[in-house]
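Colleague: What follows is the file my_file.txt, containing compact mmCIF, C-alpha atoms:
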# COMPACT_ATOMS: atom_id res chain seq x y z
CA MET A 1 0.00 0.00 0.00
CA SER A 2 1.41 3.37 -0.86
CA PHE A 3 1.01 6.16 1.63
CA LYS A 4 -0.07 9.17 -0.37
CA GLY A 5 -2.70 11.00 1.55
CA VAL A 6 -4.46 11.80 4.83
CA SER A 7 -7.96 13.01 5.65
CA PHE A 8 -9.48 14.62 8.73
CA SER A 9 -12.17 17.01 9.96
CA VAL A 10 -11.72 20.24 11.87
CA ALA A 11 -13.86 20.31 15.05
CA SER A 12 -12.85 23.85 16.01
CA TYR A 13 -10.37 26.49 14.94
CA ALA A 14 -8.73 29.62 16.35
CA ALA A 15 -6.35 32.17 14.87
CA TRP A 16 -4.51 35.21 16.19
CA ALA A 17 -2.20 37.80 14.65
CA PRO A 18 -1.48 41.44 15.46
CA ARG A 19 -4.72 43.37 14.74
CA VAL A 20 -6.40 40.24 13.33
CA GLU A 21 -7.89 38.84 16.50
CA THR A 22 -11.54 37.92 15.92
CA LYS A 23 -13.11 35.28 13.67
CA ASP A 24 -14.76 38.08 11.63
CA ALA A 25 -11.41 39.81 11.18
CA TRP A 26 -9.91 36.55 9.92
CA LEU A 27 -12.72 35.98 7.44
CA ALA A 28 -12.17 39.53 6.13
CA TRP A 29 -8.43 38.85 5.92
CA ALA A 30 -9.04 35.65 3.95
CA ILE A 31 -10.99 37.59 1.33
CA GLU A 32 -8.98 40.84 1.23
CA ASP A 33 -5.65 39.05 1.57
CA TYR A 34 -3.68 41.92 3.13
CA VAL A 35 -0.20 41.73 4.69
CA ILE A 36 -0.17 41.29 8.48
CA THR A 37 2.37 43.41 10.35
CA GLY A 38 3.09 44.51 13.91
CA GLY A 39 4.49 43.10 17.11
CA VAL A 40 1.53 43.32 19.51
CA GLU A 41 1.18 40.46 22.00
CA PRO A 42 -1.96 38.45 22.74
CA PRO A 43 -3.11 38.34 26.40
CA VAL A 44 -2.96 34.52 26.98
CA GLN A 45 -5.29 35.07 29.95
CA PRO A 46 -5.74 31.40 30.92
CA MET A 47 -2.02 30.97 31.68
CA SER A 48 -0.64 32.08 35.06
CA ALA A 49 1.56 35.18 34.89
CA MET A 50 4.49 33.24 36.42
CA LEU A 51 4.54 30.86 33.43
CA ARG A 52 3.40 33.31 30.76
CA ARG A 53 6.39 35.61 31.41
CA ARG A 54 8.66 32.94 29.93
CA ALA A 55 7.07 33.13 26.46
CA GLY A 56 7.99 35.78 23.88
CA VAL A 57 5.66 37.28 21.26
CA LEU A 58 5.78 34.20 19.01
CA GLY A 59 5.22 31.77 21.88
CA LYS A 60 2.34 33.85 23.24
CA MET A 61 0.63 33.83 19.82
CA ALA A 62 0.89 30.02 19.72
CA LEU A 63 -0.36 29.68 23.31
CA GLU A 64 -3.28 32.07 22.68
CA VAL A 65 -4.68 30.00 19.79
CA ALA A 66 -3.95 26.71 21.58
CA TYR A 67 -6.03 27.81 24.59
CA GLN A 68 -8.78 29.31 22.42
CA CYS A 69 -9.10 26.20 20.28
CA LEU A 70 -8.86 23.56 23.01
CA GLY A 71 -10.96 25.25 25.70
CA GLY A 72 -10.73 23.29 28.94
CA SER A 73 -10.12 19.91 27.29
CA ILE A 74 -7.31 17.81 28.68
CA ASP A 75 -5.56 14.65 27.46
CA VAL A 76 -5.50 15.81 23.84
CA PRO A 77 -2.14 15.28 22.09
CA THR A 78 -0.71 18.46 20.60
CA VAL A 79 1.42 19.06 17.50
CA PHE A 80 3.18 22.44 17.45
CA SER A 81 4.52 23.36 14.03
CA SER A 82 6.68 26.34 13.17
CA ARG A 83 9.04 26.74 10.24
CA HIS A 84 11.39 29.20 11.91
CA GLY A 85 10.52 28.73 15.59
CA GLU A 86 12.37 31.02 17.97
CA ALA A 87 14.93 32.12 15.35
CA SER A 88 15.10 35.62 16.85
CA ARG A 89 16.03 34.26 20.27
CA SER A 90 18.65 31.96 18.76
CA VAL A 91 20.27 34.82 16.84
CA ASP A 92 20.37 36.99 19.99
CA LEU A 93 21.95 34.11 21.94
CA LEU A 94 24.56 33.56 19.20
CA LEU A 95 25.37 37.29 19.15
CA ASP A 96 25.82 37.24 22.97
CA LEU A 97 28.03 34.18 22.64
CA ALA A 98 30.16 35.95 20.00
CA LYS A 99 30.56 38.93 22.34
CA GLY A 100 31.46 36.70 25.28
CA VAL A 101 28.41 37.92 27.24
CA PRO A 102 26.81 35.37 29.61
CA LEU A 103 23.70 33.82 28.02
CA SER A 104 20.24 34.21 29.49
CA PRO A 105 19.25 30.75 30.83
CA THR A 106 15.56 31.54 30.30
CA SER A 107 16.09 32.56 26.69
CA PHE A 108 18.24 29.50 26.07
CA GLY A 109 15.57 27.23 27.55
CA MET A 110 12.80 28.89 25.53
CA SER A 111 14.76 28.82 22.26
CA VAL A 112 14.36 25.07 21.76
CA HIS A 113 11.62 24.06 19.34
CA ASN A 114 9.45 22.18 21.83
CA ALA A 115 9.60 24.85 24.58
CA THR A 116 6.25 26.49 23.82
CA GLY A 117 4.41 23.18 23.64
CA GLY A 118 6.13 22.20 26.88
CA LEU A 119 4.95 25.39 28.59
CA PHE A 120 1.39 24.66 27.39
CA SER A 121 1.42 21.16 28.88
CA ILE A 122 3.05 22.27 32.17
CA ALA A 123 0.52 25.09 32.64
CA ARG A 124 -2.38 22.62 32.24
CA SER A 125 -0.69 19.66 33.99
CA ASP A 126 -1.50 17.73 30.82
CA HIS A 127 0.38 14.45 30.31
CA ALA A 128 -0.81 13.95 26.71
CA GLY A 129 1.85 13.64 24.02
CA ASN A 130 3.38 16.84 22.75
CA PHE A 131 5.14 17.07 19.37
CA ALA A 132 7.21 19.87 17.83
CA VAL A 133 7.59 19.85 14.04
CA ALA A 134 9.90 21.94 11.88
CA ALA A 135 10.08 20.85 8.24
CA GLY A 136 11.02 23.94 6.26
CA ASP A 137 8.50 25.16 3.72
CA THR A 138 6.31 22.09 4.28
CA SER A 139 6.12 22.33 8.09
CA VAL A 140 2.30 22.57 7.95
CA GLU A 141 1.96 19.54 5.69
CA HIS A 142 4.29 17.43 7.81
CA ALA A 143 2.56 18.50 11.03
CA VAL A 144 -0.80 17.48 9.54
CA ILE A 145 0.64 14.09 8.56
CA GLU A 146 1.97 13.71 12.14
CA ALA A 147 -1.44 14.61 13.60
CA CYS A 148 -3.27 12.24 11.25
CA GLY A 149 -0.87 9.49 12.29
CA LEU A 150 -1.99 10.03 15.88
CA LEU A 151 -5.67 10.00 14.85
CA ASN A 152 -5.01 6.80 12.93
CA GLU A 153 -3.54 5.23 16.07
CA GLY A 154 -6.87 5.80 17.80
CA GLU A 155 -6.59 9.28 19.36
CA PRO A 156 -10.10 10.83 19.18
CA ALA A 157 -8.70 14.34 18.67
CA VAL A 158 -5.38 16.10 18.12
CA LEU A 159 -4.61 19.81 18.55
CA LEU A 160 -2.53 21.29 15.72
CA VAL A 161 -0.86 24.66 16.32
CA VAL A 162 0.82 26.44 13.38
CA TYR A 163 2.76 29.63 14.10
CA ASP A 164 5.57 31.78 12.75
CA CYS A 165 7.10 35.25 12.79
CA PRO A 166 9.21 37.20 10.29
CA LEU A 167 12.88 36.21 10.34
CA PRO A 168 15.42 38.29 12.27
CA ALA A 169 17.14 40.92 10.08
CA LEU A 170 20.37 38.88 9.82
CA TYR A 171 18.46 36.23 7.84
CA PHE A 172 16.57 38.53 5.46
CA ASP A 173 18.64 37.32 2.48
CA PHE A 174 17.27 33.81 2.97
CA GLU A 175 13.59 34.78 2.86
CA ASP A 176 11.67 32.88 0.18
CA CYS A 177 8.20 34.18 0.99
CA HIS A 178 6.52 37.24 2.46
CA GLU A 179 6.99 36.38 6.17
CA GLN A 180 4.29 37.62 8.56
CA PRO A 181 3.42 37.05 12.23
CA TYR A 182 0.51 34.65 12.79
CA ALA A 183 -0.70 31.64 14.74
CA TRP A 184 -3.65 29.34 14.19
CA ALA A 185 -4.92 26.08 15.60
CA TRP A 186 -7.18 23.24 14.51
CA LEU A 187 -8.73 20.68 16.76
CA MET A 188 -8.46 17.77 14.33
CA GLN A 189 -10.69 14.71 14.39
CA PRO A 190 -11.03 11.60 12.21
CA PRO A 191 -12.85 12.43 8.94
CA ALA A 192 -16.56 13.09 9.58
CA ASP A 193 -18.76 15.82 8.05
CA GLU A 194 -16.63 18.36 6.27
CA ILE A 195 -13.52 16.48 5.24
CA VAL A 196 -10.17 18.07 4.49
CA SER A 197 -7.69 15.92 2.57
CA LEU A 198 -4.00 16.32 1.91
CA THR A 199 -2.40 14.25 -0.84
CA TRP A 200 1.04 14.41 -2.35
CA SER A 201 2.97 13.09 -5.32
CA GLY A 202 6.49 13.27 -6.69
CA ALA A 203 8.04 16.42 -8.06
CA LEU A 204 6.44 17.92 -11.11
CA GLU A 205 7.92 20.31 -13.55
CA GLY A 206 6.66 23.62 -12.40
CA SER A 207 7.76 27.17 -11.84
CA PRO A 208 9.60 27.71 -8.56
CA PRO A 209 7.48 29.44 -5.92
CA SER A 210 7.57 33.22 -6.03
CA VAL A 211 9.18 35.06 -3.11
CA ASN A 212 6.07 37.23 -3.01
CA ARG A 213 3.86 34.33 -2.02
CA TRP A 214 2.45 34.06 1.49
CA PRO A 215 3.98 31.79 4.17
CA ALA A 216 2.61 28.23 3.82
CA GLY A 217 0.71 28.47 7.10
CA LEU A 218 -1.25 31.50 5.88
CA GLU A 219 -1.92 29.92 2.47
CA VAL A 220 -3.42 26.86 4.17
CA LEU A 221 -5.44 28.99 6.61
CA ARG A 222 -6.83 31.07 3.73
CA PHE A 223 -7.80 27.88 1.86
CA TYR A 224 -9.60 26.70 4.99
CA LEU A 225 -11.38 29.99 5.82
CA ARG A 226 -12.50 30.75 2.25
CA LYS A 227 -13.76 27.20 1.88
CA ASP A 228 -11.80 26.89 -1.36
CA PRO A 229 -12.27 23.49 -3.04
CA ALA A 230 -8.51 23.00 -3.40
CA LEU A 231 -5.06 24.44 -2.78
CA GLU A 232 -1.99 23.26 -4.66
CA ARG A 233 1.49 23.90 -3.29
CA ILE A 234 4.57 22.78 -5.21
CA CYS A 235 7.53 22.78 -2.87
CA ASP A 236 10.23 20.57 -1.40
CA LYS A 237 10.17 18.55 -4.66
CA ARG A 238 6.60 17.48 -4.16
CA ARG A 239 3.15 18.50 -5.29
CA TRP A 240 0.93 18.96 -2.24
CA LEU A 241 -2.79 19.04 -2.86
CA TRP A 242 -5.18 20.23 -0.17
CA SER A 243 -8.83 19.57 -0.93
CA ARG A 244 -12.19 19.79 0.74
CA HIS A 245 -15.20 17.53 0.27
CA ASP A 246 -18.43 16.95 2.17
CA MET B 1 20.89 49.26 53.19
CA ARG B 2 17.19 49.79 52.54
CA SER B 3 17.64 51.47 49.15
CA TYR B 4 20.14 48.76 48.23
CA GLU B 5 17.48 46.15 48.83
CA ASP B 6 15.06 48.15 46.68
CA GLU B 7 17.63 48.08 43.87
CA ILE B 8 17.81 44.27 44.12
CA LYS B 9 14.01 44.01 44.13
CA GLN B 10 13.81 46.09 40.96
CA LEU B 11 16.54 43.93 39.39
CA ILE B 12 14.55 40.78 40.21
CA ILE B 13 11.37 42.27 38.70
CA ASP B 14 13.11 43.46 35.52
CA VAL B 15 15.28 40.42 34.87
CA LEU B 16 12.62 37.84 35.67
CA GLN B 17 9.87 39.82 33.87
CA LEU B 18 7.50 39.68 36.82
CA GLU B 19 4.32 41.27 35.50
CA ASP B 20 2.32 43.42 37.92
CA VAL B 21 4.87 43.06 40.75
CA THR B 22 6.34 46.19 42.41
CA PRO B 23 9.32 46.37 44.82
CA ALA B 24 6.81 46.99 47.62
CA ASP B 25 5.25 43.56 46.94
CA ILE B 26 8.53 41.79 47.76
CA ALA B 27 9.34 41.44 51.47
CA SER B 28 13.09 41.66 52.11
CA ASP B 29 13.16 38.70 54.48
CA GLU B 30 10.65 36.52 52.56
CA PRO B 31 11.91 33.39 50.73
CA LEU B 32 12.47 34.12 47.02
CA PHE B 33 12.11 30.54 45.80
CA VAL B 34 9.21 28.10 45.83
CA ASP B 35 7.37 29.70 48.77
CA GLY B 36 7.21 33.47 49.07
CA LEU B 37 7.77 35.00 45.64
CA GLY B 38 7.53 31.57 43.96
CA LEU B 39 10.65 31.69 41.77
CA ASP B 40 12.14 28.49 40.33
CA SER B 41 15.54 27.08 39.39
CA ILE B 42 15.68 28.83 35.98
CA ASP B 43 15.05 32.12 37.80
CA ALA B 44 17.97 31.35 40.13
CA LEU B 45 20.28 30.90 37.12
CA GLU B 46 18.89 34.05 35.45
CA LEU B 47 19.39 36.06 38.63
CA GLY B 48 22.95 34.68 38.94
CA VAL B 49 23.74 35.96 35.42
CA ALA B 50 22.19 39.37 36.21
CA ILE B 51 24.25 39.70 39.42
CA GLN B 52 27.37 38.77 37.48
CA LYS B 53 26.63 41.44 34.85
CA ARG B 54 25.59 44.20 37.26
CA TYR B 55 27.96 43.67 40.21
CA GLY B 56 30.78 41.57 38.76
CA ILE B 57 30.16 38.74 41.25
CA THR B 58 30.43 35.16 39.99
CA LEU B 59 28.52 32.67 42.11
CA SER B 60 29.04 28.93 41.94
CA ALA B 61 25.82 27.43 40.63
CA ASP B 62 25.55 24.54 43.04
CA SER B 63 27.00 25.35 46.44
CA GLU B 64 25.38 25.46 49.85
CA GLU B 65 26.72 29.00 50.23
CA THR B 66 24.96 30.17 47.07
CA ARG B 67 21.73 28.66 48.36
CA ARG B 68 22.06 30.77 51.52
CA HIS B 69 22.76 33.94 49.50
CA PHE B 70 19.63 33.36 47.42
CA ALA B 71 17.39 32.80 50.44
CA SER B 72 15.98 36.34 50.47
CA VAL B 73 16.52 39.88 49.20
CA HIS B 74 18.12 40.67 52.55
CA ALA B 75 20.65 37.82 52.20
CA LEU B 76 21.40 38.82 48.60
CA GLY B 77 21.98 42.41 49.71
CA LEU B 78 24.53 41.36 52.35
CA MET B 79 26.35 39.14 49.85
CA ILE B 80 26.47 41.82 47.13
CA ASP B 81 27.56 44.47 49.63
CA SER B 82 30.63 42.50 50.67
CA ASN B 83 31.58 41.06 47.25
CA ARG B 84 30.72 43.61 44.60
CA LYS B 85 33.46 44.43 42.08
CA LYS B 86 31.52 47.14 40.24
How would this structure read if it were set down as structure tokens?

Modeller:
Amino acid sequence: MSFKGVSFSVASYAAWAPRVETKDAWLAWAIEDYVITGGVEPPVQPMSAMLRRRAGVLGKMALEVAYQCLGGSIDVPTVFSSRHGEASRSVDLLLDLAKGVPLSPTSFGMSVHNATGGLFSIARSDHAGNFAVAAGDTSVEHAVIEACGLLNEGEPAVLLVVYDCPLPALYFDFEDCHEQPYAWAWLMQPPADEIVSLTWSGALEGSPPSVNRWPAGLEVLRFYLRKDPALERICDKRRWLWSRHD
Amino acid sequence: MRSYEDEIKQLIIDVLQLEDVTPADIASDEPLFVDGLGLDSIDALELGVAIQKRYGITLSADSEETRRHFASVHALGLMIDSNRKK
């Protein structure tokens, strides 16, 4: 049997970005398709201040949508997916190291890719599995495959959190899309009513993606919010096809 | 001595990003860790780095003496007062 696709349903969703905070604002964004900018932080009210202080802007965005999407549920495995993760922290730490300045232990601890997911599970005393995915331009696709693997193993629901921020200035030359700050979450369930499918096949001839395109996470969110029938992404030598069917 | 302790309290608030805490909320003789202010081991390391940067004092991370110095703002003040290099 060849493994070429996964299917699931979205039981609930949440999204947060600077000045795009409500569901209505996100629907408007999906239609108008404007660039998101700004460095405002979400409140992350459900988390105690003593834990929340550890998270930076990016982590707080991820935590905000995770709490909003999951509500009070416990024992739900979580998959946190970010292409760049805490790149800004890592660069600051490397610059300190180069200058011979002592590193901030908190910043070092929070720079690892699973730190935000860890904070989320500690704050809720949740022992459910917690996964951190980084897979370049196809981080969303690989996180969805990971989550569907968990559903396939019998988990009734899996929380997916997708989040990213623009790269630190030192890395601007490496940008291959129009980076923007955002976070969104899906509470994924085995395929039921409205089914979302992701299939993939080997590399096709095709034009390389434009640097003016949106980050993958925002492209997928727009596909979901606009209820588009399909979204094709050609990257990482594969053709990824997102589709929706009732 | 009093103003010195206030300086340490402000350092703790700034370095450990304690939201909504003012120097007046921290009692000088109250435990800083677990009970009292409720700081943890990462905070202890962070505070150690801050004291090194601000006062030029290097503390050994895992000694009984360091534990005593970190017991309270008052204890930290006494230690900094007799060891500061800047």

Colleague: Show me, as a Markdown table, the residues of chain A having an atom within 9 Å of chain B, each with the closest atom pair and its distance in Å, using all atoms listed in the file.

Modeller:
| residue | atom | partner | partner_atom | distance |
| --- | --- | --- | --- | --- |
| A:Ala49 | CA | B:Glu19 | CA | 6.7 |
| A:Met50 | CA | B:Leu18 | CA | 7.1 |
| A:Arg53 | CA | B:Gln17 | CA | 6.0 |
| A:Arg54 | CA | B:Gln17 | CA | 8.0 |
| A:Val101 | CA | B:Lys53 | CA | 8.6 |
| A:Pro102 | CA | B:Val49 | CA | 6.6 |
| A:Leu103 | CA | B:Val49 | CA | 7.7 |
| A:Ser104 | CA | B:Glu46 | CA | 6.1 |
| A:Pro105 | CA | B:Glu46 | CA | 5.7 |
| A:Thr106 | CA | B:Ile42 | CA | 6.3 |
| A:Gly109 | CA | B:Ile42 | CA | 8.6 |

Colleague: Please list as a PyMOL selection string every residue within 12 Å of Leu170 of chain A, counting only C-alpha atoms and excluding residues in the same chain fewer than 3 positions away.

Modeller: chain A and resi 87-88+90-92+94-95+166-167+173-175

Colleague: With all atoms listed in the file as the atoms that count, which of B:Val34, B:Val21, B:Ala61, B:Ile51 lies nearest to Gly77 of chain B?

Modeller: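 Using all atoms listed in the file, Gly77 of chain B sits closest to B:Ile51.
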
Colleague: Quote the spacing between atom CA of Ala123 of chain A and atom CA of Ser41 of chain B in Å to one decimal place.

Modeller: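 It comes out at 16.6 Å.
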
Colleague: Rounded to one decimal, what separation in Å do you get between atom CA of Ser82 of chain A and atom CA of Ser139 of chain A?

Modeller: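 Rounded to one decimal, the two atoms are 6.5 Å apart.
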
Colleague: Which residues are near Glu65 of chain B? Cut-off 12 Å, all atoms listed in the file, ignore same chain within fewer than 6 positions. Put them as a PyMOL selection string.

Modeller: chain B and resi 59+71+75-76+79

Colleague: Counting all atoms listed in the file, find residues at most 12 Å from (-2.3, 29.4, 24.0) (file frame) and give them as number ranges by chain.

Modeller: A: 14-16, 41-48, 51-52, 55, 57-72, 78, 80, 116-121, 123-124, 159-163, 183-185

Colleague: Please extract segment 154-189 of chain A and write it out with N, CA and C atoms, as a PDB file, in the first residue's frame.

Modeller:
ATOM      1  N   GLY A 154      -5.721   5.915  16.913  1.00  0.00           N
ATOM      2  CA  GLY A 154      -6.865   5.796  17.801  1.00  0.00           C
ATOM      3  C   GLY A 154      -7.140   7.000  18.687  1.00  0.00           C
ATOM      4  N   GLU A 155      -6.298   8.061  18.586  1.00  0.00           N
ATOM      5  CA  GLU A 155      -6.594   9.276  19.360  1.00  0.00           C
ATOM      6  C   GLU A 155      -7.896   9.881  18.821  1.00  0.00           C
ATOM      7  N   PRO A 156      -8.855  10.244  19.675  1.00  0.00           N
ATOM      8  CA  PRO A 156     -10.104  10.825  19.176  1.00  0.00           C
ATOM      9  C   PRO A 156      -9.932  12.245  18.642  1.00  0.00           C
ATOM     10  N   ALA A 157      -8.918  12.959  19.129  1.00  0.00           N
ATOM     11  CA  ALA A 157      -8.697  14.337  18.669  1.00  0.00           C
ATOM     12  C   ALA A 157      -7.229  14.703  18.872  1.00  0.00           C
ATOM     13  N   VAL A 158      -6.753  15.603  18.027  1.00  0.00           N
ATOM     14  CA  VAL A 158      -5.376  16.102  18.125  1.00  0.00           C
ATOM     15  C   VAL A 158      -5.400  17.609  17.891  1.00  0.00           C
ATOM     16  N   LEU A 159      -4.686  18.357  18.738  1.00  0.00           N
ATOM     17  CA  LEU A 159      -4.608  19.812  18.546  1.00  0.00           C
ATOM     18  C   LEU A 159      -3.383  20.144  17.694  1.00  0.00           C
ATOM     19  N   LEU A 160      -3.620  20.823  16.579  1.00  0.00           N
ATOM     20  CA  LEU A 160      -2.527  21.285  15.723  1.00  0.00           C
ATOM     21  C   LEU A 160      -2.360  22.792  15.908  1.00  0.00           C
ATOM     22  N   VAL A 161      -1.133  23.232  16.182  1.00  0.00           N
ATOM     23  CA  VAL A 161      -0.864  24.662  16.324  1.00  0.00           C
ATOM     24  C   VAL A 161       0.217  25.049  15.312  1.00  0.00           C
ATOM     25  N   VAL A 162      -0.108  25.997  14.426  1.00  0.00           N
ATOM     26  CA  VAL A 162       0.820  26.436  13.382  1.00  0.00           C
ATOM     27  C   VAL A 162       1.143  27.906  13.636  1.00  0.00           C
ATOM     28  N   TYR A 163       2.418  28.246  13.733  1.00  0.00           N
ATOM     29  CA  TYR A 163       2.759  29.631  14.099  1.00  0.00           C
ATOM     30  C   TYR A 163       4.127  30.008  13.550  1.00  0.00           C
ATOM     31  N   ASP A 164       4.284  31.283  13.223  1.00  0.00           N
ATOM     32  CA  ASP A 164       5.571  31.783  12.750  1.00  0.00           C
ATOM     33  C   ASP A 164       5.641  33.292  12.870  1.00  0.00           C
ATOM     34  N   CYS A 165       6.843  33.815  12.733  1.00  0.00           N
ATOM     35  CA  CYS A 165       7.097  35.246  12.787  1.00  0.00           C
ATOM     36  C   CYS A 165       8.088  35.578  11.676  1.00  0.00           C
ATOM     37  N   PRO A 166       8.166  36.838  11.257  1.00  0.00           N
ATOM     38  CA  PRO A 166       9.213  37.197  10.295  1.00  0.00           C
ATOM     39  C   PRO A 166      10.592  36.836  10.842  1.00  0.00           C
ATOM     40  N   LEU A 167      11.515  36.564   9.941  1.00  0.00           N
ATOM     41  CA  LEU A 167      12.875  36.214  10.345  1.00  0.00           C
ATOM     42  C   LEU A 167      13.603  37.414  10.926  1.00  0.00           C
ATOM     43  N   PRO A 168      14.591  37.173  11.817  1.00  0.00           N
ATOM     44  CA  PRO A 168      15.424  38.294  12.274  1.00  0.00           C
ATOM     45  C   PRO A 168      16.206  38.887  11.089  1.00  0.00           C
ATOM     46  N   ALA A 169      16.544  40.174  11.205  1.00  0.00           N
ATOM     47  CA  ALA A 169      17.138  40.922  10.082  1.00  0.00           C
ATOM     48  C   ALA A 169      18.355  40.219   9.477  1.00  0.00           C
ATOM     49  N   LEU A 170      19.155  39.562  10.323  1.00  0.00           N
ATOM     50  CA  LEU A 170      20.366  38.882   9.821  1.00  0.00           C
ATOM     51  C   LEU A 170      20.060  37.835   8.753  1.00  0.00           C
ATOM     52  N   TYR A 171      18.831  37.305   8.763  1.00  0.00           N
ATOM     53  CA  TYR A 171      18.465  36.231   7.841  1.00  0.00           C
ATOM     54  C   TYR A 171      17.631  36.693   6.647  1.00  0.00           C
ATOM     55  N   PHE A 172      17.458  38.019   6.506  1.00  0.00           N
ATOM     56  CA  PHE A 172      16.573  38.528   5.458  1.00  0.00           C
ATOM     57  C   PHE A 172      16.920  37.975   4.072  1.00  0.00           C
ATOM     58  N   ASP A 173      18.225  37.795   3.809  1.00  0.00           N
ATOM     59  CA  ASP A 173      18.644  37.316   2.485  1.00  0.00           C
ATOM     60  C   ASP A 173      18.098  35.927   2.161  1.00  0.00           C
ATOM     61  N   PHE A 174      17.715  35.189   3.190  1.00  0.00           N
ATOM     62  CA  PHE A 174      17.267  33.808   2.969  1.00  0.00           C
ATOM     63  C   PHE A 174      15.746  33.692   2.824  1.00  0.00           C
ATOM     64  N   GLU A 175      15.052  34.827   2.943  1.00  0.00           N
ATOM     65  CA  GLU A 175      13.594  34.777   2.860  1.00  0.00           C
ATOM     66  C   GLU A 175      13.140  34.296   1.488  1.00  0.00           C
ATOM     67  N   ASP A 176      12.195  33.340   1.470  1.00  0.00           N
ATOM     68  CA  ASP A 176      11.671  32.883   0.180  1.00  0.00           C
ATOM     69  C   ASP A 176      10.159  33.060   0.104  1.00  0.00           C
ATOM     70  N   CYS A 177       9.617  33.833   1.058  1.00  0.00           N
ATOM     71  CA  CYS A 177       8.197  34.184   0.988  1.00  0.00           C
ATOM     72  C   CYS A 177       8.005  35.453   1.811  1.00  0.00           C
ATOM     73  N   HIS A 178       6.794  35.994   1.760  1.00  0.00           N
ATOM     74  CA  HIS A 178       6.521  37.240   2.464  1.00  0.00           C
ATOM     75  C   HIS A 178       6.172  36.924   3.923  1.00  0.00           C
ATOM     76  N   GLU A 179       7.188  36.821   4.779  1.00  0.00           N
ATOM     77  CA  GLU A 179       6.990  36.382   6.169  1.00  0.00           C
ATOM     78  C   GLU A 179       6.108  37.353   6.945  1.00  0.00           C
ATOM     79  N   GLN A 180       5.204  36.806   7.757  1.00  0.00           N
ATOM     80  CA  GLN A 180       4.295  37.617   8.565  1.00  0.00           C
ATOM     81  C   GLN A 180       4.051  36.920   9.898  1.00  0.00           C
ATOM     82  N   PRO A 181       3.700  37.689  10.938  1.00  0.00           N
ATOM     83  CA  PRO A 181       3.418  37.047  12.231  1.00  0.00           C
ATOM     84  C   PRO A 181       1.991  36.489  12.274  1.00  0.00           C
ATOM     85  N   TYR A 182       1.842  35.237  12.684  1.00  0.00           N
ATOM     86  CA  TYR A 182       0.507  34.653  12.791  1.00  0.00           C
ATOM     87  C   TYR A 182       0.567  33.361  13.600  1.00  0.00           C
ATOM     88  N   ALA A 183      -0.571  32.967  14.113  1.00  0.00           N
ATOM     89  CA  ALA A 183      -0.704  31.640  14.738  1.00  0.00           C
ATOM     90  C   ALA A 183      -2.132  31.169  14.524  1.00  0.00           C
ATOM     91  N   TRP A 184      -2.302  29.899  14.242  1.00  0.00           N
ATOM     92  CA  TRP A 184      -3.654  29.344  14.185  1.00  0.00           C
ATOM     93  C   TRP A 184      -3.636  27.911  14.691  1.00  0.00           C
ATOM     94  N   ALA A 185      -4.822  27.434  15.062  1.00  0.00           N
ATOM     95  CA  ALA A 185      -4.918  26.077  15.604  1.00  0.00           C
ATOM     96  C   ALA A 185      -6.155  25.386  15.061  1.00  0.00           C
ATOM     97  N   TRP A 186      -6.055  24.091  14.862  1.00  0.00           N
ATOM     98  CA  TRP A 186      -7.179  23.243  14.506  1.00  0.00           C
ATOM     99  C   TRP A 186      -7.289  22.152  15.550  1.00  0.00           C
ATOM    100  N   LEU A 187      -8.511  21.902  16.011  1.00  0.00           N
ATOM    101  CA  LEU A 187      -8.730  20.676  16.764  1.00  0.00           C
ATOM    102  C   LEU A 187      -9.154  19.632  15.723  1.00  0.00           C
ATOM    103  N   MET A 188      -8.236  18.733  15.416  1.00  0.00           N
ATOM    104  CA  MET A 188      -8.463  17.771  14.332  1.00  0.00           C
ATOM    105  C   MET A 188      -9.102  16.490  14.853  1.00  0.00           C
ATOM    106  N   GLN A 189     -10.020  15.956  14.044  1.00  0.00           N
ATOM    107  CA  GLN A 189     -10.687  14.707  14.385  1.00  0.00           C
ATOM    108  C   GLN A 189     -10.681  13.782  13.171  1.00  0.00           C
TER     109      GLN A 189
END
